[in-house]
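> If it helps, the file is called final-v1.cif and holds mmCIF, C-alpha atoms and all ligand atoms:
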```cif
data_upload
loop_
_atom_site.label_atom_id
_atom_site.label_comp_id
_atom_site.auth_asym_id
_atom_site.auth_seq_id
_atom_site.Cartn_x
_atom_site.Cartn_y
_atom_site.Cartn_z
CA MET A 1 0.00 0.00 0.00
CA ALA A 2 2.81 2.34 0.95
CA LYS A 3 4.38 1.54 -2.42
CA VAL A 4 1.18 2.50 -4.27
CA ASN A 5 0.99 5.79 -2.38
CA ALA A 6 4.60 6.57 -3.16
CA GLY A 7 3.89 5.87 -6.84
CA ALA A 8 0.84 8.10 -6.79
CA ALA A 9 2.79 10.85 -5.08
CA LEU A 10 5.52 10.62 -7.71
CA LEU A 11 2.95 10.73 -10.50
CA SER A 12 1.28 13.85 -9.16
CA LEU A 13 4.69 15.43 -8.71
CA CYS A 14 5.42 14.55 -12.33
CA LEU A 15 2.22 16.22 -13.35
CA LEU A 16 3.29 19.46 -11.76
CA LEU A 17 7.01 19.37 -12.48
CA ALA A 18 9.06 18.35 -15.46
CA CYS A 19 9.94 14.63 -15.20
CA SER A 20 12.94 12.87 -16.65
CA ALA A 21 12.46 9.44 -18.17
CA GLY A 22 15.19 7.31 -19.79
CA GLY A 23 17.43 10.32 -20.24
CA THR A 24 14.91 12.16 -22.42
CA LYS A 25 13.38 15.14 -20.70
CA ALA A 26 9.62 15.22 -21.03
CA ALA A 27 7.55 17.94 -19.41
CA TYR A 28 4.44 16.39 -17.89
CA VAL A 29 2.86 19.54 -16.63
CA ASP A 30 -0.85 19.11 -15.99
CA VAL A 31 -1.69 22.39 -17.64
CA GLU A 32 -5.46 22.04 -17.92
CA GLY A 33 -5.81 20.50 -14.46
CA THR A 34 -3.87 23.37 -12.91
CA VAL A 35 -5.95 26.01 -14.70
CA ARG A 36 -9.17 24.31 -13.68
CA THR A 37 -8.17 24.01 -10.02
CA GLU A 38 -7.09 27.64 -9.83
CA VAL A 39 -10.17 28.95 -11.64
CA GLU A 40 -12.56 27.01 -9.42
CA LYS A 41 -10.73 28.13 -6.29
CA ALA A 42 -10.83 31.76 -7.42
CA ILE A 43 -14.55 31.70 -8.26
CA LYS A 44 -15.38 30.14 -4.91
CA SER A 45 -13.74 33.03 -3.10
CA ASN A 46 -14.91 35.71 -5.57
CA PRO A 47 -17.84 34.70 -7.84
CA GLY A 48 -17.41 37.80 -10.02
CA ILE A 49 -14.10 36.52 -11.35
CA GLY A 50 -15.88 33.84 -13.42
CA ALA A 51 -17.78 36.40 -15.48
CA ALA A 52 -14.59 38.42 -15.89
CA LEU A 53 -12.83 35.39 -17.41
CA VAL A 54 -15.66 34.68 -19.85
CA ARG A 55 -15.46 38.29 -21.05
CA LEU A 56 -11.65 38.28 -21.09
CA VAL A 57 -11.39 35.58 -23.75
CA PHE A 58 -13.80 37.49 -25.99
CA HIS A 59 -11.79 40.69 -25.62
CA ASP A 60 -8.49 38.89 -26.18
CA CYS A 61 -9.49 36.80 -29.18
CA TRP A 62 -11.50 39.53 -30.96
CA VAL A 63 -8.45 41.80 -31.13
CA ASN A 64 -5.51 40.31 -33.13
CA GLY A 65 -6.83 36.78 -32.48
CA CYS A 66 -6.14 34.77 -29.32
CA ASP A 67 -2.65 36.03 -28.53
CA GLY A 68 -2.77 37.24 -24.92
CA SER A 69 -2.49 40.84 -26.15
CA VAL A 70 -5.20 41.95 -23.72
CA LEU A 71 -2.94 41.08 -20.77
CA LEU A 72 -0.06 43.38 -21.64
CA ASP A 73 0.79 46.44 -19.53
CA LYS A 74 3.71 47.27 -21.74
CA THR A 75 5.03 46.38 -25.20
CA PRO A 76 8.09 47.43 -27.18
CA TYR A 77 5.85 50.17 -28.58
CA GLY A 78 4.70 51.67 -25.28
CA THR A 79 2.20 51.44 -22.48
CA ASN A 80 -1.02 52.49 -24.20
CA THR A 81 -2.15 48.87 -24.38
CA GLU A 82 -5.56 47.24 -24.87
CA LYS A 83 -6.30 47.45 -21.15
CA LYS A 84 -6.61 51.22 -21.61
CA ALA A 85 -9.27 50.93 -24.31
CA ILE A 86 -12.61 52.55 -23.46
CA ASN A 87 -14.36 49.31 -24.45
CA ASN A 88 -12.28 47.42 -21.92
CA ILE A 89 -13.82 49.22 -18.97
CA GLY A 90 -14.12 46.86 -16.00
CA LEU A 91 -12.02 44.11 -17.60
CA ASP A 92 -10.65 41.84 -14.87
CA GLY A 93 -9.06 38.50 -14.13
CA PHE A 94 -5.46 39.62 -14.66
CA ASN A 95 -4.20 38.68 -11.19
CA LEU A 96 -5.63 35.19 -11.51
CA ILE A 97 -3.98 34.75 -14.92
CA ASP A 98 -0.68 35.81 -13.29
CA THR A 99 -1.16 33.26 -10.50
CA ILE A 100 -1.81 30.47 -13.01
CA LYS A 101 1.11 31.52 -15.20
CA TYR A 102 3.41 31.45 -12.18
CA LYS A 103 2.36 27.85 -11.50
CA LEU A 104 2.71 26.72 -15.11
CA GLY A 105 6.00 28.40 -15.95
CA ASP A 106 7.64 29.33 -19.23
CA GLY A 107 6.29 26.47 -21.32
CA VAL A 108 2.67 27.60 -21.45
CA SER A 109 1.52 30.70 -23.30
CA CYS A 110 -0.58 33.38 -21.66
CA ALA A 111 -2.97 33.12 -24.62
CA ASP A 112 -3.64 29.43 -23.83
CA ILE A 113 -4.24 30.28 -20.17
CA VAL A 114 -6.88 32.89 -21.09
CA VAL A 115 -8.69 30.35 -23.29
CA PHE A 116 -8.59 27.54 -20.73
CA ALA A 117 -9.56 29.82 -17.85
CA ALA A 118 -12.65 31.06 -19.72
CA ARG A 119 -13.60 27.50 -20.62
CA ASP A 120 -13.32 26.39 -17.00
CA ALA A 121 -15.23 29.42 -15.73
CA ALA A 122 -18.04 28.70 -18.20
CA ARG A 123 -18.19 25.08 -17.08
CA TYR A 124 -18.21 26.00 -13.40
CA LEU A 125 -20.79 28.78 -13.72
CA SER A 126 -23.09 26.55 -15.78
CA ASN A 127 -22.84 23.75 -13.25
CA GLY A 128 -21.06 21.57 -15.78
CA LYS A 129 -23.64 22.06 -18.52
CA ILE A 130 -21.36 24.07 -20.79
CA ALA A 131 -18.34 21.85 -21.39
CA TYR A 132 -16.02 21.84 -24.35
CA SER A 133 -12.49 21.01 -25.43
CA VAL A 134 -10.13 23.47 -27.02
CA PRO A 135 -6.68 22.84 -28.43
CA SER A 136 -3.53 24.35 -26.89
CA GLY A 137 -0.47 25.75 -28.64
CA ARG A 138 -1.25 29.44 -28.97
CA LYS A 139 1.61 31.91 -28.90
CA ASP A 140 1.71 35.32 -27.25
CA GLY A 141 1.81 38.46 -29.34
CA ILE A 142 3.99 41.49 -28.74
CA ASN A 143 1.48 44.09 -29.97
CA SER A 144 -1.28 45.60 -27.88
CA SER A 145 -2.93 48.92 -28.60
CA ALA A 146 -5.86 50.67 -26.94
CA ALA A 147 -6.83 52.35 -30.20
CA ALA A 148 -6.82 49.02 -32.07
CA ALA A 149 -9.00 47.43 -29.39
CA ASP A 150 -11.50 50.29 -29.50
CA ALA A 151 -11.61 50.04 -33.28
CA VAL A 152 -12.43 46.32 -33.19
CA LEU A 153 -14.51 45.61 -30.08
CA PRO A 154 -18.28 46.08 -30.37
CA GLN A 155 -19.89 48.86 -28.34
CA SER A 156 -22.97 48.69 -26.18
CA THR A 157 -24.44 51.61 -28.14
CA PHE A 158 -24.20 49.81 -31.50
CA GLU A 159 -27.20 49.36 -33.77
CA PHE A 160 -28.10 45.81 -34.82
CA GLN A 161 -26.45 46.12 -38.24
CA GLN A 162 -23.24 47.40 -36.66
CA LEU A 163 -23.16 44.35 -34.41
CA VAL A 164 -23.80 42.04 -37.36
CA ASP A 165 -21.02 43.72 -39.37
CA ASN A 166 -18.67 43.57 -36.41
CA PHE A 167 -19.25 39.83 -36.00
CA ASP A 168 -19.10 39.24 -39.76
CA LYS A 169 -15.55 40.65 -39.83
CA LYS A 170 -14.55 37.73 -37.59
CA LYS A 171 -16.66 35.30 -39.66
CA PHE A 172 -19.30 34.95 -36.94
CA THR A 173 -22.94 34.77 -38.05
CA PRO A 174 -25.87 36.86 -36.72
CA ARG A 175 -27.04 33.70 -34.96
CA GLU A 176 -23.67 33.38 -33.23
CA LEU A 177 -24.08 37.03 -32.16
CA VAL A 178 -27.34 36.03 -30.48
CA ILE A 179 -25.74 32.94 -28.93
CA LEU A 180 -22.65 34.67 -27.55
CA SER A 181 -24.62 37.64 -26.23
CA GLY A 182 -26.21 35.12 -23.87
CA ALA A 183 -23.00 35.53 -21.84
CA HIS A 184 -24.69 38.64 -20.46
CA SER A 185 -26.64 36.30 -18.20
CA ILE A 186 -23.69 36.79 -15.83
CA GLY A 187 -21.56 39.60 -14.51
CA VAL A 188 -21.86 43.30 -14.08
CA SER A 189 -21.77 46.55 -15.99
CA HIS A 190 -20.79 50.12 -15.21
CA LEU A 191 -23.49 52.75 -15.37
CA SER A 192 -21.56 54.50 -18.15
CA SER A 193 -22.10 51.43 -20.36
CA PHE A 194 -25.90 51.69 -20.18
CA GLN A 195 -26.40 55.35 -19.26
CA ASP A 196 -27.74 56.04 -22.77
CA ARG A 197 -30.73 53.82 -21.98
CA LEU A 198 -31.72 56.03 -19.05
CA ASN A 199 -31.33 59.41 -20.70
CA LYS A 200 -34.56 60.71 -22.19
CA SER A 201 -32.92 62.04 -25.36
CA THR A 202 -30.94 58.91 -26.28
CA ALA A 203 -33.07 56.14 -24.79
CA THR A 204 -33.96 53.09 -26.83
CA PRO A 205 -37.17 51.50 -25.58
CA ILE A 206 -36.75 49.86 -22.22
CA ASP A 207 -39.53 48.60 -20.00
CA ASP A 208 -40.78 51.55 -17.91
CA ASN A 209 -40.99 49.67 -14.62
CA TYR A 210 -37.54 48.19 -15.10
CA LYS A 211 -36.15 51.60 -15.97
CA GLN A 212 -37.63 53.17 -12.84
CA ALA A 213 -36.30 50.38 -10.62
CA LEU A 214 -32.92 50.72 -12.28
CA VAL A 215 -32.73 54.49 -11.88
CA ALA A 216 -33.53 54.16 -8.17
CA ASP A 217 -31.01 51.38 -7.69
CA VAL A 218 -28.30 53.28 -9.58
CA GLU A 219 -28.73 56.21 -7.19
CA ALA A 220 -28.45 53.85 -4.21
CA GLN A 221 -25.37 52.16 -5.71
CA LYS A 222 -23.68 55.52 -6.33
CA LYS A 223 -23.83 56.07 -2.60
CA SER A 224 -22.97 52.59 -1.42
CA GLN A 225 -20.14 52.11 -3.93
CA ASN A 226 -19.10 55.74 -3.47
CA THR A 227 -18.62 56.43 -7.17
CA PRO A 228 -20.51 58.31 -9.91
CA ASP A 229 -20.09 55.25 -12.15
CA PRO A 230 -21.29 52.30 -10.06
CA ILE A 231 -21.78 48.76 -11.32
CA GLU A 232 -25.09 46.97 -11.67
CA LYS A 233 -25.75 43.30 -12.29
CA ASN A 234 -26.28 42.51 -15.97
CA ASN A 235 -29.10 40.05 -15.40
CA ILE A 236 -32.33 41.01 -13.67
CA ARG A 237 -32.41 37.42 -12.40
CA ASP A 238 -29.46 38.35 -10.15
CA MET A 239 -31.23 41.39 -8.64
CA SER A 240 -33.09 41.23 -5.33
CA SER A 241 -36.66 39.96 -5.31
CA SER A 242 -37.94 43.42 -4.35
CA PHE A 243 -36.16 44.90 -7.38
CA GLN A 244 -37.67 42.20 -9.58
CA THR A 245 -41.15 42.91 -8.23
CA THR A 246 -40.82 46.68 -8.73
CA ALA A 247 -39.46 46.05 -12.23
CA GLY A 248 -42.40 43.76 -13.04
CA TYR A 249 -40.10 40.84 -13.90
CA ASP A 250 -41.80 37.58 -14.82
CA PRO A 251 -39.46 34.79 -13.64
CA THR A 252 -41.46 31.99 -15.29
CA GLY A 253 -39.00 29.46 -16.68
CA VAL A 254 -36.02 31.03 -14.88
CA ASN A 255 -34.27 29.50 -11.91
CA THR A 256 -34.08 32.69 -9.83
CA ALA A 257 -32.25 30.80 -7.08
CA ALA A 258 -29.34 30.17 -9.45
CA LYS A 259 -27.90 33.66 -9.06
CA GLY A 260 -24.76 34.12 -11.11
CA ALA A 261 -25.38 31.04 -13.28
CA LEU A 262 -24.38 31.08 -16.94
CA ASP A 263 -27.62 29.98 -18.58
CA ASN A 264 -30.34 30.97 -21.03
CA SER A 265 -32.06 33.39 -18.61
CA TYR A 266 -30.63 36.31 -20.62
CA TYR A 267 -33.20 35.54 -23.32
CA HIS A 268 -36.06 35.62 -20.81
CA ALA A 269 -34.85 39.04 -19.66
CA ASN A 270 -34.30 40.41 -23.16
CA LEU A 271 -37.64 39.25 -24.50
CA GLN A 272 -39.23 41.02 -21.52
CA ASN A 273 -37.29 44.17 -22.45
CA ARG A 274 -35.37 44.08 -19.17
CA VAL A 275 -31.71 44.13 -20.17
CA LEU A 276 -29.09 46.84 -19.69
CA PHE A 277 -27.44 47.39 -23.05
CA LYS A 278 -28.82 48.85 -26.21
CA SER A 279 -26.70 46.20 -28.02
CA ASP A 280 -28.78 43.54 -26.27
CA TRP A 281 -32.07 45.32 -26.89
CA VAL A 282 -31.48 45.86 -30.63
CA MET A 283 -31.55 42.11 -31.23
CA ARG A 284 -35.28 42.35 -30.58
CA THR A 285 -35.61 44.57 -33.64
CA ASP A 286 -34.51 41.85 -36.08
CA THR A 287 -36.96 39.06 -36.89
CA ASP A 288 -34.40 36.26 -37.17
CA ALA A 289 -32.51 37.32 -34.05
CA GLY A 290 -35.82 37.65 -32.17
CA ASN A 291 -36.83 34.15 -33.27
CA ALA A 292 -33.45 32.74 -32.25
CA MET A 293 -33.80 34.37 -28.83
CA ALA A 294 -37.26 32.83 -28.39
CA GLU A 295 -35.83 29.45 -29.35
CA TYR A 296 -33.00 29.72 -26.81
CA MET A 297 -35.37 30.98 -24.14
CA ASP A 298 -37.40 27.79 -24.54
CA ASN A 299 -34.52 25.37 -24.96
CA ALA A 300 -31.81 25.69 -22.32
CA THR A 301 -29.90 22.62 -23.52
CA LYS A 302 -29.71 23.88 -27.07
CA TRP A 303 -28.27 27.16 -25.85
CA ASN A 304 -25.71 25.41 -23.64
CA ASN A 305 -24.53 23.33 -26.61
CA ASP A 306 -24.55 26.17 -29.14
CA PHE A 307 -22.80 28.51 -26.70
CA ALA A 308 -20.08 25.89 -26.14
CA ALA A 309 -19.60 25.53 -29.92
CA ALA A 310 -19.37 29.31 -30.37
CA MET A 311 -16.83 29.55 -27.55
CA VAL A 312 -14.71 26.88 -29.27
CA LYS A 313 -14.83 28.93 -32.47
CA LEU A 314 -13.91 32.09 -30.53
CA SER A 315 -11.04 30.31 -28.79
CA LYS A 316 -9.65 29.26 -32.18
CA LEU A 317 -9.46 32.73 -33.71
CA PRO A 318 -5.92 32.66 -35.03
CA ALA A 319 -3.35 35.20 -33.94
CA GLU A 320 -2.98 37.63 -36.80
CA SER A 321 0.27 37.14 -38.67
CA SER A 322 2.93 39.69 -39.55
CA THR A 323 3.96 40.28 -35.96
CA ARG A 324 6.43 38.42 -33.84
CA TYR A 325 5.21 35.78 -31.38
CA GLU A 326 6.70 34.22 -28.28
CA ILE A 327 5.74 32.47 -25.08
CA ARG A 328 5.84 35.24 -22.53
CA LYS A 329 7.60 34.74 -19.22
CA ASN A 330 5.35 37.31 -17.60
CA CYS A 331 1.88 37.82 -19.08
CA ARG A 332 2.03 41.57 -18.47
CA VAL A 333 5.16 42.35 -20.50
CA THR A 334 6.85 41.12 -23.66
CA ASN A 335 10.02 39.09 -23.13
CA GLN A 336 12.36 41.70 -24.50
CA ASN A 337 12.16 45.36 -25.25
CA TYR A 338 13.01 44.59 -28.85
CA TYR A 339 12.84 48.11 -30.18
CA TYR A 340 14.04 50.22 -27.27
C1 LIG B 1 -22.20 41.59 -28.86
C2 LIG B 1 -21.46 42.57 -28.50
C3 LIG B 1 -21.10 42.85 -27.09
C4 LIG B 1 -21.14 44.07 -26.50
C5 LIG B 1 -21.52 45.38 -27.15
C6 LIG B 1 -20.76 43.88 -25.12
C7 LIG B 1 -20.65 44.89 -24.19
C8 LIG B 1 -20.42 44.72 -22.86
C9 LIG B 1 -20.35 45.77 -21.88
C10 LIG B 1 -20.49 47.26 -22.19
C11 LIG B 1 -20.14 45.20 -20.67
C12 LIG B 1 -20.02 45.93 -19.33
C13 LIG B 1 -18.66 46.57 -19.16
C14 LIG B 1 -18.63 47.46 -17.95
O1 LIG B 1 -19.23 48.53 -18.01
O2 LIG B 1 -18.02 47.08 -16.92
C15 LIG B 1 -20.09 43.78 -20.87
C16 LIG B 1 -19.93 42.87 -19.86
C17 LIG B 1 -19.78 41.52 -20.08
N1 LIG B 1 -19.71 40.90 -21.30
FE1 LIG B 1 -20.17 41.71 -23.08
N2 LIG B 1 -20.50 42.57 -24.91
C18 LIG B 1 -20.69 41.90 -26.07
C19 LIG B 1 -20.48 40.56 -26.29
C20 LIG B 1 -19.99 39.69 -25.33
C21 LIG B 1 -19.53 38.36 -25.60
C22 LIG B 1 -19.43 37.74 -26.99
C23 LIG B 1 -19.16 37.82 -24.40
C24 LIG B 1 -18.57 36.47 -24.10
C25 LIG B 1 -18.72 35.43 -24.84
C26 LIG B 1 -19.44 38.80 -23.39
C27 LIG B 1 -19.30 38.61 -22.05
C28 LIG B 1 -19.50 39.57 -21.10
C29 LIG B 1 -19.47 39.31 -19.67
C30 LIG B 1 -19.32 37.94 -19.02
C31 LIG B 1 -19.63 40.53 -19.04
C32 LIG B 1 -19.59 40.78 -17.52
C33 LIG B 1 -18.12 40.94 -17.12
C34 LIG B 1 -17.88 41.08 -15.63
O3 LIG B 1 -18.79 41.02 -14.83
O4 LIG B 1 -16.69 41.25 -15.27
N3 LIG B 1 -19.91 39.94 -23.99
N4 LIG B 1 -20.25 43.51 -22.20
#
```
Could you take the file, read its structure, and then write that structure out as structure tokens?
Ligand code: HEM


Amino acid sequence: MAKVNAGAALLSLCLLLACSAGGTKAAYVDVEGTVRTEVEKAIKSNPGIGAALVRLVFHDCWVNGCDGSVLLDKTPYGTNTEKKAINNIGLDGFNLIDTIKYKLGDGVSCADIVVFAARDAARYLSNGKIAYSVPSGRKDGINSSAAAADAVLPQSTFEFQQLVDNFDKKKFTPRELVILSGAHSIGVSHLSSFQDRLNKSTATPIDDNYKQALVADVEAQKKSQNTPDPIEKNNIRDMSSSFQTTAGYDPTGVNTAAKGALDNSYYHANLQNRVLFKSDWVMRTDTDAGNAMAEYMDNATKWNNDFAAAMVKLSKLPAESSTRYEIRKNCRVTNQNYYY
């Protein structure tokens, strides 16, 4: 028995460290197991980190492909990196990526860690219902520009056609736009990202009761968070029951106890006109998108499966060529200051 335990101990050590066998050095690092363990641990102590990771992979892969460019504080070209883009307001998860990178070492790219961490967050937040495999082997880019990110990332004030065009540039269909927007069943938003919906002059239709409840809550949050730009929960499912009652929310078909779950409840909220962003609301204005939303509202399993497939496609967006790639030692900086 002692022998078996010693063998098991050696095996798990081999999984974490590089092992030597027969003179040939083979690195048996349990990359995906390590990411999964760290992601689950982080979400248990801070549930908001899961939503941050699901958003992070979108914002990394949409700009220059999946190349870890969103993680950089500094490149050979300067410090005005993607993190400083207006559209990256509230982006988070960087410390966790650093922790994972520290455990995995120089052999694993930051870009792969972002992809795996999002995958594991999606699985955890969906209670195992969204599960998919993605290949490894991405390399880290050395370019990261706030202006480039703002030029490429969709904005919450976009019209439907702008969203469709934005997704088309990455070869994603209008249906995949509907599917991936379901990620707004989790997480939070700053007031500045949906302020236009509350202003009389710029407002796109929003349910009156929801709007009134939101305006009152925003004022309360300004005080309790002590900021003029507080955050609100994206999904009305995650609001208190008194908020939901004031807002006239109909929770039929939604598991309101599953606060923070990644599921199809976004479509229930949107089809009731109780979502934050104009970019969510505008999908109601298109017949096909509206029909797709109704379909996903009624079929949770279909959405889980289609969301997983769209995340695989997102995670495979190739790093755009013509720049130099490496495996970063530190996800926040390029390995060398090539051009200084
Ligand atoms: C369709 C175009 C999209 C637009 C215009 C958009 C816009 C936004 C905005 C403005 C926020 C709030 C930022 C803030 O104020 O803090 C947000 C949050 C979020 N978005 Fe999107 N988004 C889009 C698509 C996506 C996609 C494709 C995903 C993932 C697959 C995603 C996942 C998330 C998540 C999880 C959050 C919450 C993040 C957190 O709580 O940390 N979004 N989005």

> What's the separation between CA of His184 in chain A and CA of Thr245 in chain A, in Å to one decimal place?

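A separation of 20.9 Å between them.
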
> Distance atom C31 of ligand LIG 1 (chain B)-CA of Gly90 in chain A, one decimal place?

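Value for the atom C31 of ligand LIG 1 (chain B)-CA of Gly90 in chain A distance: 8.9 Å.
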
> Could you work out how far CA of Gly260 in chain A lies from atom C31 of ligand LIG 1 (chain B), giving the answer in Å with one decimal?

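Answer for the atom C31 of ligand LIG 1 (chain B) to CA of Gly260 in chain A separation: 11.4 Å.
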
> Which residues of chain A come within 6 Å of ligand LIG 1 (chain B), and what is each one's closest atom pair and distance in Å (one decimal), counting only C-alpha atoms and all ligand atoms, sorted by chain and residue number, as a Markdown table?


```
| residue | atom | partner | partner_atom | distance |
| --- | --- | --- | --- | --- |
| A:Gly48 | CA | B:LIG1 | O3 | 6.0 |
| A:Ala51 | CA | B:LIG1 | C30 | 4.2 |
| A:Ala52 | CA | B:LIG1 | O4 | 3.6 |
| A:Val54 | CA | B:LIG1 | C30 | 5.0 |
| A:Arg55 | CA | B:LIG1 | C27 | 4.0 |
| A:Phe58 | CA | B:LIG1 | C24 | 5.2 |
| A:Ile89 | CA | B:LIG1 | O2 | 5.1 |
| A:Gly90 | CA | B:LIG1 | O2 | 4.0 |
| A:Leu91 | CA | B:LIG1 | O4 | 6.0 |
| A:Pro154 | CA | B:LIG1 | C5 | 4.6 |
| A:Gln155 | CA | B:LIG1 | C5 | 4.0 |
| A:Ser156 | CA | B:LIG1 | C5 | 3.7 |
| A:Leu177 | CA | B:LIG1 | C1 | 5.9 |
| A:Leu180 | CA | B:LIG1 | C22 | 4.5 |
| A:Ser181 | CA | B:LIG1 | C19 | 5.1 |
| A:Ala183 | CA | B:LIG1 | C27 | 4.8 |
| A:His184 | CA | B:LIG1 | C28 | 5.3 |
| A:Ile186 | CA | B:LIG1 | C30 | 5.5 |
| A:Gly187 | CA | B:LIG1 | O3 | 3.1 |
| A:Val188 | CA | B:LIG1 | O3 | 3.9 |
| A:Ser189 | CA | B:LIG1 | O1 | 3.8 |
| A:His190 | CA | B:LIG1 | O1 | 3.6 |
| A:Ser193 | CA | B:LIG1 | O1 | 4.7 |
| A:Ser279 | CA | B:LIG1 | C5 | 5.3 |
```

> Using only C-alpha atoms, which residue out of A:Ser242, A:Ser136, A:Thr79, A:Asn95 lies closest to Val115 in chain A?

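Among the listed residues, the smallest separation from Val115 in chain A belongs to A:Ser136.
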
> Find the residues around Pro135 in chain A up to 10 Å (all atoms listed in the file counted), leave out those fewer than 4 positions away in its own chain, and share them as a list of chain:residue names.

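Contacts, with the query itself left out: A:Asp112, A:Val115, A:Phe116, A:Val312, A:Ser315, A:Lys316.
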
> Those same residues, written as a PDB file, keeping the file's coordinate frame with C-alpha atoms?


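Writing the result to out-v3.pdb gives the following:
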```
ATOM      1  CA  ASP A 112      -3.640  29.430 -23.830  1.00  0.00           C
ATOM      2  CA  VAL A 115      -8.690  30.350 -23.290  1.00  0.00           C
ATOM      3  CA  PHE A 116      -8.590  27.540 -20.730  1.00  0.00           C
ATOM      4  CA  VAL A 312     -14.710  26.880 -29.270  1.00  0.00           C
ATOM      5  CA  SER A 315     -11.040  30.310 -28.790  1.00  0.00           C
ATOM      6  CA  LYS A 316      -9.650  29.260 -32.180  1.00  0.00           C
TER       7      LYS A 316
END
```

> What lies within 6 Å of range 331-333 of chain A using only C-alpha atoms, ignoring chain neighbours under 5 positions off, as a count of residues only?

5

> Do you know which residues are at most 10 Å from Arg328 in chain A counting only C-alpha atoms, after dropping those on the same chain fewer than 4 positions away, and could you put them as an MDAnalysis selection string?

chainID A and resid 68 101 105:111 139:142 332:336

> Using all atoms listed in the file, find the one residue out of A:Ala269, A:Val282, A:Leu104, A:Ile231 that sits nearest to Val29 in chain A.

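Smallest separation from Val29 in chain A among the options: A:Leu104.
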
> Take the point (-29.6, 45.4, -8.0) as written in the file and pick out every residue within 9 Å of it, counting all atoms listed in the file; give the list as a tab-separated table (two decimals) with C-alpha atoms, in the coordinates of the input.


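Just written: selection24.tsv:
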```
chain	number	residue	atom	x	y	z
A	213	ALA	CA	-36.30	50.38	-10.62
A	214	LEU	CA	-32.92	50.72	-12.28
A	217	ASP	CA	-31.01	51.38	-7.69
A	218	VAL	CA	-28.30	53.28	-9.58
A	221	GLN	CA	-25.37	52.16	-5.71
A	232	GLU	CA	-25.09	46.97	-11.67
A	233	LYS	CA	-25.75	43.30	-12.29
A	236	ILE	CA	-32.33	41.01	-13.67
A	238	ASP	CA	-29.46	38.35	-10.15
A	239	MET	CA	-31.23	41.39	-8.64
A	240	SER	CA	-33.09	41.23	-5.33
A	243	PHE	CA	-36.16	44.90	-7.38
A	244	GLN	CA	-37.67	42.20	-9.58
```

> Go through A:Thr37, A:Asn234, A:Gln272, A:Asn299 one by one, measure the shortest atom-to-atom distance of each to Pro251 in chain A using all atoms listed in the file, and give the residue with the smallest value.

A:Gln272

> Which is closest to Lys169 in chain A among A:Met293, A:Val152, A:Val57, A:Leu198, if we use only C-alpha atoms?

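Between A:Met293, A:Val152, A:Val57, A:Leu198, the residue approaching Lys169 in chain A most closely is A:Val152.
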